[in-house]
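J.: Structure supplied as input.tsv; contents: TSV, C-alpha atoms.
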```tsv
chain	number	residue	atom	x	y	z
A	1	MET	CA	-143.70	103.89	71.72
A	2	ARG	CA	-145.05	104.48	68.21
A	3	THR	CA	-142.73	107.53	68.05
A	4	VAL	CA	-139.69	105.29	68.01
A	5	GLY	CA	-140.60	104.09	64.49
A	6	ALA	CA	-138.00	103.46	61.89
A	7	ALA	CA	-135.18	104.67	64.10
A	8	LEU	CA	-135.71	101.83	66.53
A	9	THR	CA	-135.93	99.33	63.71
A	10	ALA	CA	-132.58	100.50	62.41
A	11	LEU	CA	-131.02	100.46	65.85
A	12	SER	CA	-132.24	96.93	66.45
A	13	PHE	CA	-129.74	95.60	63.90
A	14	VAL	CA	-126.83	96.87	65.98
A	15	GLY	CA	-128.20	96.70	69.52
A	16	VAL	CA	-130.76	93.97	69.91
A	17	ALA	CA	-128.28	91.09	70.08
A	18	ALA	CA	-126.40	92.76	72.91
A	19	LEU	CA	-129.62	93.57	74.71
A	20	ALA	CA	-130.90	90.03	74.45
A	21	GLY	CA	-127.71	88.74	75.97
A	22	CYS	CA	-127.78	91.19	78.86
A	23	SER	CA	-131.46	90.78	79.64
A	24	GLY	CA	-131.53	87.02	79.50
A	25	GLU	CA	-134.48	87.19	77.06
A	26	GLY	CA	-134.22	86.23	73.42
A	27	SER	CA	-136.47	86.97	70.50
A	28	GLY	CA	-139.93	85.56	69.96
A	29	ASP	CA	-138.34	82.14	69.31
A	30	GLY	CA	-137.30	81.60	72.95
A	31	VAL	CA	-137.83	82.57	76.54
A	32	SER	CA	-135.71	82.82	79.63
A	33	GLN	CA	-135.31	80.02	82.10
A	34	ASN	CA	-137.27	82.08	84.57
A	35	ALA	CA	-140.20	82.27	82.18
A	36	SER	CA	-140.15	78.53	81.63
A	37	ALA	CA	-140.07	77.80	85.33
A	38	ALA	CA	-142.79	80.31	86.11
A	39	ALA	CA	-145.01	79.20	83.28
A	40	SER	CA	-144.64	75.48	83.81
A	41	SER	CA	-145.42	75.52	87.51
A	42	SER	CA	-148.90	74.33	88.36
A	43	PRO	CA	-151.06	76.90	90.14
A	44	SER	CA	-152.33	76.10	93.58
A	45	PRO	CA	-155.97	75.01	93.83
A	46	SER	CA	-158.34	77.96	93.92
A	47	PRO	CA	-159.32	78.72	97.51
A	48	SER	CA	-162.96	78.97	98.40
A	49	PRO	CA	-164.30	82.54	98.59
A	50	SER	CA	-165.31	84.04	101.89
A	51	PRO	CA	-169.05	83.53	102.45
A	52	SER	CA	-169.48	87.25	102.96
A	53	SER	CA	-167.34	88.49	100.10
A	54	GLY	CA	-169.53	87.47	97.17
A	55	TRP	CA	-166.38	87.25	95.04
A	56	ASN	CA	-166.25	84.37	92.55
A	57	PRO	CA	-162.67	83.06	92.20
A	58	LYS	CA	-163.62	80.98	89.15
A	59	PRO	CA	-165.23	83.31	86.58
A	60	GLY	CA	-166.40	81.68	83.37
A	61	SER	CA	-165.40	84.43	80.94
A	62	ILE	CA	-162.86	87.28	80.85
A	63	ALA	CA	-162.60	90.59	79.00
A	64	ALA	CA	-159.35	92.58	79.19
A	65	VAL	CA	-158.94	96.35	78.80
A	66	GLY	CA	-155.80	98.43	78.99
A	67	ASP	CA	-152.76	99.49	77.00
A	68	SER	CA	-149.76	97.99	75.22
A	69	ILE	CA	-148.81	95.79	78.18
A	70	THR	CA	-152.06	93.85	77.83
A	71	ARG	CA	-151.55	93.71	74.05
A	72	GLY	CA	-148.14	92.06	74.47
A	73	PHE	CA	-146.41	94.87	72.57
A	74	ASP	CA	-142.72	94.20	71.78
A	75	ALA	CA	-142.85	90.80	73.50
A	76	CYS	CA	-142.49	88.73	70.31
A	77	SER	CA	-141.05	91.09	67.70
A	78	VAL	CA	-140.03	94.72	67.42
A	79	LEU	CA	-142.78	97.38	67.27
A	80	ALA	CA	-145.66	94.91	67.08
A	81	ASP	CA	-148.50	93.73	69.28
A	82	CYS	CA	-148.39	90.06	70.29
A	83	PRO	CA	-151.73	89.38	72.00
A	84	GLU	CA	-151.07	85.65	72.10
A	85	VAL	CA	-148.60	86.29	74.96
A	86	SER	CA	-150.85	88.74	76.83
A	87	TRP	CA	-150.86	88.13	80.57
A	88	ALA	CA	-154.66	88.49	80.58
A	89	THR	CA	-156.02	86.60	77.56
A	90	GLY	CA	-153.08	85.11	75.63
A	91	SER	CA	-152.86	81.54	74.39
A	92	ASP	CA	-149.07	81.07	74.70
A	93	SER	CA	-148.33	77.89	76.66
A	94	LEU	CA	-145.23	79.37	78.32
A	95	VAL	CA	-146.99	82.50	79.58
A	96	ARG	CA	-150.12	80.64	80.74
A	97	SER	CA	-152.30	83.71	80.80
A	98	LEU	CA	-154.94	84.46	83.37
A	99	ALA	CA	-157.61	83.21	80.95
A	100	VAL	CA	-155.78	79.91	80.44
A	101	ARG	CA	-155.26	79.44	84.18
A	102	LEU	CA	-158.89	80.17	85.04
A	103	LEU	CA	-160.75	78.74	82.04
A	104	GLY	CA	-158.38	76.19	80.54
A	105	PRO	CA	-156.79	76.46	77.07
A	106	ALA	CA	-159.89	75.40	75.12
A	107	LYS	CA	-162.43	77.64	76.82
A	108	ALA	CA	-160.01	80.58	76.90
A	109	VAL	CA	-160.20	80.78	73.10
A	110	ASP	CA	-163.96	81.33	73.02
A	111	ARG	CA	-164.56	82.91	76.43
A	112	SER	CA	-161.95	85.68	76.60
A	113	TRP	CA	-161.64	88.97	74.72
A	114	ASN	CA	-158.84	91.55	74.53
A	115	HIS	CA	-160.02	95.13	73.99
A	116	ALA	CA	-156.77	96.79	75.10
A	117	LEU	CA	-155.09	99.29	72.77
A	118	SER	CA	-151.37	100.04	72.53
A	119	GLY	CA	-150.65	103.63	73.46
A	120	ALA	CA	-153.97	104.09	75.29
A	121	ARG	CA	-154.33	106.39	78.28
A	122	MET	CA	-157.00	106.47	80.95
A	123	ALA	CA	-159.14	108.88	78.93
A	124	GLN	CA	-159.69	106.06	76.42
A	125	LEU	CA	-160.75	103.49	78.98
A	126	PRO	CA	-164.49	104.31	78.93
A	127	GLU	CA	-164.67	103.32	75.26
A	128	GLN	CA	-162.87	100.05	75.96
A	129	MET	CA	-165.18	99.35	78.89
A	130	ALA	CA	-168.20	99.81	76.65
A	131	LEU	CA	-166.79	97.18	74.28
A	132	ALA	CA	-166.03	94.85	77.17
A	133	ALA	CA	-169.56	95.22	78.55
A	134	LYS	CA	-171.03	94.01	75.27
A	135	GLU	CA	-169.33	90.65	75.81
A	136	ARG	CA	-171.22	90.20	79.11
A	137	PRO	CA	-168.04	88.89	80.79
A	138	GLU	CA	-167.97	87.51	84.31
A	139	LEU	CA	-164.60	89.21	84.90
A	140	VAL	CA	-162.98	92.34	83.44
A	141	THR	CA	-159.25	92.96	83.94
A	142	VAL	CA	-157.92	96.53	83.94
A	143	MET	CA	-154.29	97.57	83.52
A	144	MET	CA	-154.03	101.22	82.57
A	145	GLY	CA	-152.02	104.27	83.58
A	146	ALA	CA	-148.40	103.85	82.46
A	147	ASN	CA	-148.95	106.00	79.36
A	148	ASP	CA	-150.51	108.73	81.49
A	149	ALA	CA	-147.18	109.09	83.32
A	150	CYS	CA	-144.89	108.26	80.38
A	151	ARG	CA	-145.06	111.52	78.43
A	152	ASP	CA	-142.51	113.75	76.74
A	153	SER	CA	-142.33	115.89	79.88
A	154	VAL	CA	-143.60	115.96	83.44
A	155	ARG	CA	-145.87	118.85	82.50
A	156	LEU	CA	-147.75	116.65	80.03
A	157	MET	CA	-148.60	113.88	82.48
A	158	THR	CA	-152.32	113.35	83.01
A	159	PRO	CA	-153.54	115.35	86.04
A	160	VAL	CA	-154.69	113.14	88.91
A	161	ALA	CA	-158.17	114.67	88.88
A	162	ASP	CA	-158.58	113.87	85.18
A	163	PHE	CA	-157.28	110.36	85.75
A	164	ARG	CA	-159.89	109.88	88.47
A	165	ALA	CA	-162.72	111.28	86.39
A	166	SER	CA	-161.89	108.98	83.48
A	167	PHE	CA	-161.66	105.88	85.67
A	168	GLU	CA	-164.95	106.70	87.36
A	169	ALA	CA	-166.54	107.18	83.95
A	170	SER	CA	-165.10	103.84	82.86
A	171	MET	CA	-166.69	102.04	85.77
A	172	ARG	CA	-170.04	103.70	85.06
A	173	GLN	CA	-169.76	102.66	81.43
A	174	LEU	CA	-169.13	99.06	82.41
A	175	ARG	CA	-171.95	99.01	84.93
A	176	ALA	CA	-174.40	100.31	82.34
A	177	GLY	CA	-173.93	97.16	80.29
A	178	ALA	CA	-172.57	94.60	82.76
A	179	PRO	CA	-173.84	95.52	86.23
A	180	THR	CA	-172.58	92.39	88.00
A	181	ALA	CA	-169.30	91.73	86.18
A	182	GLN	CA	-166.34	91.39	88.53
A	183	VAL	CA	-163.45	93.78	87.94
A	184	TYR	CA	-159.79	93.12	88.70
A	185	VAL	CA	-157.68	96.29	88.70
A	186	SER	CA	-153.91	96.09	88.39
A	187	SER	CA	-151.70	98.78	89.86
A	188	VAL	CA	-149.49	100.85	87.53
A	189	PRO	CA	-145.89	99.51	87.43
A	190	ASP	CA	-143.09	101.40	89.19
A	191	LEU	CA	-141.49	103.35	86.35
A	192	LYS	CA	-138.60	104.52	88.49
A	193	ARG	CA	-137.57	100.92	89.06
A	194	LEU	CA	-137.59	100.57	85.28
A	195	TRP	CA	-135.02	103.39	85.08
A	196	SER	CA	-132.85	101.98	87.87
A	197	THR	CA	-132.95	98.50	86.33
A	198	GLY	CA	-131.89	99.52	82.82
A	199	ARG	CA	-129.75	102.59	83.27
A	200	LEU	CA	-126.51	100.62	83.64
A	201	ASP	CA	-127.07	98.86	80.32
A	202	GLU	CA	-125.68	100.81	77.35
A	203	GLY	CA	-128.03	99.16	74.88
A	204	ALA	CA	-131.08	100.03	76.97
A	205	LYS	CA	-130.02	103.66	77.16
A	206	LYS	CA	-129.54	103.86	73.38
A	207	ILE	CA	-133.08	102.64	72.86
A	208	TRP	CA	-134.52	104.93	75.54
A	209	SER	CA	-132.79	107.91	73.91
A	210	LEU	CA	-135.03	107.43	70.87
A	211	GLY	CA	-137.98	108.69	72.87
A	212	VAL	CA	-139.16	105.96	75.24
A	213	CYS	CA	-141.01	107.42	78.27
A	214	ARG	CA	-139.04	110.68	78.26
A	215	SER	CA	-140.58	111.92	81.50
A	216	MET	CA	-138.77	109.14	83.37
A	217	LEU	CA	-136.10	107.70	81.06
A	218	ALA	CA	-134.65	110.75	79.26
A	219	ASP	CA	-130.97	111.45	80.06
A	220	ALA	CA	-130.69	108.24	82.02
A	221	ASP	CA	-127.14	109.03	83.20
A	222	ASP	CA	-128.06	112.46	84.58
A	223	LEU	CA	-128.03	112.33	88.38
A	224	GLY	CA	-128.26	116.07	88.90
A	225	PRO	CA	-130.92	117.67	91.12
A	226	ALA	CA	-133.27	118.54	88.25
A	227	ALA	CA	-133.19	115.02	86.79
A	228	VAL	CA	-133.71	113.45	90.21
A	229	ALA	CA	-136.64	115.77	90.88
A	230	ARG	CA	-138.16	114.92	87.49
A	231	ARG	CA	-138.00	111.18	88.11
A	232	ASP	CA	-139.37	111.58	91.62
A	233	ALA	CA	-142.28	113.62	90.22
A	234	VAL	CA	-143.14	110.81	87.80
A	235	ARG	CA	-142.99	108.20	90.54
A	236	ASP	CA	-145.15	110.34	92.81
A	237	ARG	CA	-147.70	110.66	90.02
A	238	VAL	CA	-147.79	106.89	89.54
A	239	VAL	CA	-148.33	106.45	93.29
A	240	ALA	CA	-151.20	108.96	93.08
A	241	TYR	CA	-152.71	107.09	90.11
A	242	ASN	CA	-152.60	103.87	92.11
A	243	GLY	CA	-154.36	105.61	94.96
A	244	VAL	CA	-157.13	106.56	92.55
A	245	LEU	CA	-157.43	103.00	91.25
A	246	ARG	CA	-157.63	101.68	94.82
A	247	ASP	CA	-160.19	104.23	96.02
A	248	VAL	CA	-162.52	104.06	93.02
A	249	CYS	CA	-162.40	100.29	92.99
A	250	ALA	CA	-163.22	100.16	96.71
A	251	LYS	CA	-166.54	101.90	96.03
A	252	ASP	CA	-167.69	99.08	93.74
A	253	ARG	CA	-168.74	95.86	95.51
A	254	HIS	CA	-167.67	93.75	92.51
A	255	CYS	CA	-164.20	95.30	92.13
A	256	ARG	CA	-160.87	94.03	93.49
A	257	TYR	CA	-157.61	96.04	93.41
A	258	ASP	CA	-154.29	94.18	93.43
A	259	GLY	CA	-153.10	95.97	96.56
A	260	GLY	CA	-150.11	97.43	94.72
A	261	ALA	CA	-148.74	94.02	93.74
A	262	VAL	CA	-147.64	95.00	90.22
A	263	PHE	CA	-146.20	98.32	91.43
A	264	GLY	CA	-144.21	96.49	94.08
A	265	PHE	CA	-142.98	93.64	91.88
A	266	ARG	CA	-139.18	93.73	91.74
A	267	PHE	CA	-138.74	92.92	88.07
A	268	THR	CA	-135.35	92.47	86.43
A	269	GLY	CA	-134.06	92.73	82.87
A	270	ALA	CA	-135.30	89.19	82.24
A	271	GLN	CA	-138.86	90.48	82.51
A	272	LEU	CA	-138.32	93.32	79.99
A	273	SER	CA	-138.49	93.28	76.20
A	274	PRO	CA	-135.03	93.10	74.61
A	275	TRP	CA	-136.25	95.51	71.93
A	276	ASP	CA	-137.24	98.43	74.13
A	277	TRP	CA	-136.37	97.66	77.77
A	278	PHE	CA	-139.80	99.01	78.66
A	279	HIS	CA	-142.58	96.53	77.89
A	280	PRO	CA	-142.76	93.09	79.52
A	281	SER	CA	-141.08	90.15	77.80
A	282	ARG	CA	-142.72	86.72	77.74
A	283	ASP	CA	-141.21	86.18	81.17
A	284	GLY	CA	-142.68	89.46	82.36
A	285	GLN	CA	-146.09	88.60	80.95
A	286	ALA	CA	-145.99	85.26	82.79
A	287	ARG	CA	-145.21	87.06	86.06
A	288	LEU	CA	-148.17	89.42	85.54
A	289	ALA	CA	-150.43	86.42	84.91
A	290	GLU	CA	-149.20	84.80	88.14
A	291	ILE	CA	-149.88	87.95	90.17
A	292	ALA	CA	-153.38	88.32	88.75
A	293	TYR	CA	-154.25	84.65	89.23
A	294	ARG	CA	-153.07	84.70	92.83
A	295	ASN	CA	-155.11	87.80	93.69
A	296	ILE	CA	-158.26	86.78	91.83
A	297	THR	CA	-158.40	83.32	93.38
A	298	ALA	CA	-157.64	84.55	96.91
A	299	ALA	CA	-160.44	84.25	99.45
A	300	GLU	CA	-159.91	87.87	100.52
A	301	PRO	CA	-158.69	90.89	98.52
A	302	PRO	CA	-155.07	92.04	98.95
A	303	ALA	CA	-154.46	94.34	101.91
```
Would you kindly transcribe this structure into C-alpha cells?

T.:
Amino acid sequence: MRTVGAALTALSFVGVAALAGCSGEGSGDGVSQNASAAASSSPSPSPSPSPSSGWNPKPGSIAAVGDSITRGFDACSVLADCPEVSWATGSDSLVRSLAVRLLGPAKAVDRSWNHALSGARMAQLPEQMALAAKERPELVTVMMGANDACRDSVRLMTPVADFRASFEASMRQLRAGAPTAQVYVSSVPDLKRLWSTGRLDEGAKKIWSLGVCRSMLADADDLGPAAVARRDAVRDRVVAYNGVLRDVCAKDRHCRYDGGAVFGFRFTGAQLSPWDWFHPSRDGQARLAEIAYRNITAAEPPA
C-alpha cells in the first residue's frame, strides 16, 4: 500500500467522495449504520471454559501482532495508520475493540499493546512476537498473511513452506519469553471476495489500478482464462496459508485458531475503507473485533 503514495492522494480528491457514497462508509468523522449497530450491541456474557480445555476466556492483558489491518491503516484518513480503531487494541467507542470488550475501556489503555506493522509479512512476525513476549501478556492476537499473498505478481507470493517456517519460528520466539501466554490466530481474509465485491465499482477499480494487491486486483475487468487462473492461484495460496496457521496453532496447547471465521466472513463495501477498497473501515474493524471476541470467549475452539 505504501507504493500508492502521492498518486492515491491526488486521486482521492476526485474519487473519494464517490467511493464513500457507494460503500456506505464516510471519512474518519463518521461510520456506517452497520458499524454503529454492531459496535453498540452488548456482547453476550462470557461462557465458562471447558474444565479440560485450560483456556481462559477472560485474559487480563493483550498484545497484538500483525500487519496494516491490525494498525487500522486507511480506516480514519488516507495513507495513515489509525491504531485507535484497531479491532484488537483500539480505544474507539464505535469499534469496541477486543481489548475494550475483554478488559473494559480503562484497563485496555494500560493492559494492551499493538506491535503490528503496516506492510509486514510473515517473515517479520518473529520480531513482533519477541516484542509482544516482553509485555508478558496473557493473550496474543495474530493476524498476518494478506501481504504474503498480495504481491506484484503470483510468482512473488511467499512460498507456503517459508510461510510455515516463519510462523513456527514466531511461536518459538513467543514461547521463549511468554511460555504460557494464550494465542488467538485469525485466518487470512478471502482476497478473491475482495475482488468480486469491488470490481463493479468504478472508483474502487481506479484506486486498485494504482498498485493495490496486483496479484489479485490488477486488471479487475479481465475475465479471460489467464486472469481467472491468476486470481484462483492467489485464493489457493491464501487457503494454504490458513491451513498452516491452523496446523501450527494446533500443536500449541495455548493456541486457538479462528476456524476460518475471518476468511469466511461475507464482508461488503461497508466494511472496506473508502480510500483504498482494501483495508477494513471502522465498520470492518468492529466486525473483526466481534469475531475475535466470540471465538476467544467460547467454551470450545471453533471447529

J.: Let me make sure I understand: among A:Leu117, A:Leu94, A:Leu191, A:Val109, which one has the smallest atom-to-atom distance to A:Gly66 if we use all atoms listed in the file?

T.: A:Leu117

J.: Calculated over only C-alpha atoms, which of the candidates A:Asn147, A:Ser187, A:Gln285, A:Thr197 has the smallest distance to A:Cys249?

T.: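 Nearest candidate to A:Cys249 out of A:Asn147, A:Ser187, A:Gln285, A:Thr197: A:Ser187.
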
J.: Just give me the gap between atom CA of A:Gly198 and atom CA of A:Trp277 in Å, one decimal is fine.

T.: 7.0 Å

J.: At most 12 Å is the cut-off: for each residue in stretch 126-163 of chain A with any atom that close to an atom of stretch 221-231 of chain A, write down the nearest atom pair and the distance in Å rounded to one decimal, counting only C-alpha atoms, chain first then increasing number, as JSON lines.

T.:
```
{"residue": "A:Ala149", "atom": "CA", "partner": "A:Arg231", "partner_atom": "CA", "distance": 10.6}
{"residue": "A:Cys150", "atom": "CA", "partner": "A:Arg231", "partner_atom": "CA", "distance": 10.8}
{"residue": "A:Arg151", "atom": "CA", "partner": "A:Arg230", "partner_atom": "CA", "distance": 11.9}
{"residue": "A:Asp152", "atom": "CA", "partner": "A:Arg230", "partner_atom": "CA", "distance": 11.7}
{"residue": "A:Ser153", "atom": "CA", "partner": "A:Arg230", "partner_atom": "CA", "distance": 8.7}
{"residue": "A:Val154", "atom": "CA", "partner": "A:Arg230", "partner_atom": "CA", "distance": 6.9}
{"residue": "A:Arg155", "atom": "CA", "partner": "A:Arg230", "partner_atom": "CA", "distance": 10.0}
{"residue": "A:Met157", "atom": "CA", "partner": "A:Arg230", "partner_atom": "CA", "distance": 11.6}
```

J.: Of the residues A:Arg193, A:Arg175, A:Arg199, A:Lys206, which is the one nearest to A:His254, using all atoms listed in the file?

T.: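 Closest candidate: A:Arg175.
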
J.: Mind giving me the axis-aligned box for stretch 100-116 of chain A with 3 Å on every side, centre plus edges in Å to one decimal, as AutoDock Vina command-line options?

T.:
```
--center_x -159.9 --center_y 86.1 --center_z 79.0 --size_x 15.3 --size_y 27.4 --size_z 18.0
```

J.: From the options A:Gly72, A:Gly177, A:Pro59, A:Pro126, which residue's atoms come nearest to A:Ala88, counting all atoms listed in the file?

T.: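 Counting all atoms listed in the file, the residue closest to A:Ala88 is A:Gly72.
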
J.: Please report the interatomic distance between atom CA of A:Ala181 and atom CA of A:Ala132 in Å with one decimal.

T.: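 Going from atom CA of A:Ala181 over to atom CA of A:Ala132 covers 10.1 Å.
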
J.: Contacts of stretch 286-296 of chain A at 6 Å or less, counting only C-alpha atoms, minus same-chain residues fewer than 6 places along, as a compact mmCIF listing (two decimals) with C-alpha atoms, in the frame of the given file?

T.:
```
# COMPACT_ATOMS: atom_id res chain seq x y z
CA PRO A 57 -162.67 83.06 92.20
CA TRP A 87 -150.86 88.13 80.57
CA VAL A 95 -146.99 82.50 79.58
CA SER A 97 -152.30 83.71 80.80
CA LEU A 98 -154.94 84.46 83.37
```

J.: Quick check, in Å to one decimal: how far apart do atom CA of A:Gly119 and atom CA of A:Asp81 lie?

T.: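 Here the two named atoms are 11.0 Å from each other.
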
J.: For each of A:Val142, A:Ile207, A:Leu103, A:Ala130, take the minimum atom-to-atom distance to A:Asp67, counting only C-alpha atoms, then give the residue where this is smallest.

T.: A:Val142

J.: Nearest to A:Pro280 among A:Val160, A:Val185, A:Ala133, A:Val85, with distances taken over only C-alpha atoms: which residue is it?

T.: A:Val85

J.: Would you mind listing what lies within 12 Å of A:Ala146 as a PyMOL selection string, with all atoms listed in the file counted and same-chain residues fewer than 4 positions away left out?

T.: chain A and resi 1+66-70+118-122+150-151+157-158+163+186-192+194+212-213+215-216+234-235+237-239+241-242+262-263+278-279

J.: May I have the selected residues written with C-alpha atoms, as a PDB file, in the frame of the given file?

T.:
```pdb
ATOM      1  CA  MET A   1    -143.700 103.890  71.720  1.00  0.00           C
ATOM      2  CA  GLY A  66    -155.800  98.430  78.990  1.00  0.00           C
ATOM      3  CA  ASP A  67    -152.760  99.490  77.000  1.00  0.00           C
ATOM      4  CA  SER A  68    -149.760  97.990  75.220  1.00  0.00           C
ATOM      5  CA  ILE A  69    -148.810  95.790  78.180  1.00  0.00           C
ATOM      6  CA  THR A  70    -152.060  93.850  77.830  1.00  0.00           C
ATOM      7  CA  SER A 118    -151.370 100.040  72.530  1.00  0.00           C
ATOM      8  CA  GLY A 119    -150.650 103.630  73.460  1.00  0.00           C
ATOM      9  CA  ALA A 120    -153.970 104.090  75.290  1.00  0.00           C
ATOM     10  CA  ARG A 121    -154.330 106.390  78.280  1.00  0.00           C
ATOM     11  CA  MET A 122    -157.000 106.470  80.950  1.00  0.00           C
ATOM     12  CA  CYS A 150    -144.890 108.260  80.380  1.00  0.00           C
ATOM     13  CA  ARG A 151    -145.060 111.520  78.430  1.00  0.00           C
ATOM     14  CA  MET A 157    -148.600 113.880  82.480  1.00  0.00           C
ATOM     15  CA  THR A 158    -152.320 113.350  83.010  1.00  0.00           C
ATOM     16  CA  PHE A 163    -157.280 110.360  85.750  1.00  0.00           C
ATOM     17  CA  SER A 186    -153.910  96.090  88.390  1.00  0.00           C
ATOM     18  CA  SER A 187    -151.700  98.780  89.860  1.00  0.00           C
ATOM     19  CA  VAL A 188    -149.490 100.850  87.530  1.00  0.00           C
ATOM     20  CA  PRO A 189    -145.890  99.510  87.430  1.00  0.00           C
ATOM     21  CA  ASP A 190    -143.090 101.400  89.190  1.00  0.00           C
ATOM     22  CA  LEU A 191    -141.490 103.350  86.350  1.00  0.00           C
ATOM     23  CA  LYS A 192    -138.600 104.520  88.490  1.00  0.00           C
ATOM     24  CA  LEU A 194    -137.590 100.570  85.280  1.00  0.00           C
ATOM     25  CA  VAL A 212    -139.160 105.960  75.240  1.00  0.00           C
ATOM     26  CA  CYS A 213    -141.010 107.420  78.270  1.00  0.00           C
ATOM     27  CA  SER A 215    -140.580 111.920  81.500  1.00  0.00           C
ATOM     28  CA  MET A 216    -138.770 109.140  83.370  1.00  0.00           C
ATOM     29  CA  VAL A 234    -143.140 110.810  87.800  1.00  0.00           C
ATOM     30  CA  ARG A 235    -142.990 108.200  90.540  1.00  0.00           C
ATOM     31  CA  ARG A 237    -147.700 110.660  90.020  1.00  0.00           C
ATOM     32  CA  VAL A 238    -147.790 106.890  89.540  1.00  0.00           C
ATOM     33  CA  VAL A 239    -148.330 106.450  93.290  1.00  0.00           C
ATOM     34  CA  TYR A 241    -152.710 107.090  90.110  1.00  0.00           C
ATOM     35  CA  ASN A 242    -152.600 103.870  92.110  1.00  0.00           C
ATOM     36  CA  VAL A 262    -147.640  95.000  90.220  1.00  0.00           C
ATOM     37  CA  PHE A 263    -146.200  98.320  91.430  1.00  0.00           C
ATOM     38  CA  PHE A 278    -139.800  99.010  78.660  1.00  0.00           C
ATOM     39  CA  HIS A 279    -142.580  96.530  77.890  1.00  0.00           C
TER      40      HIS A 279
END
```
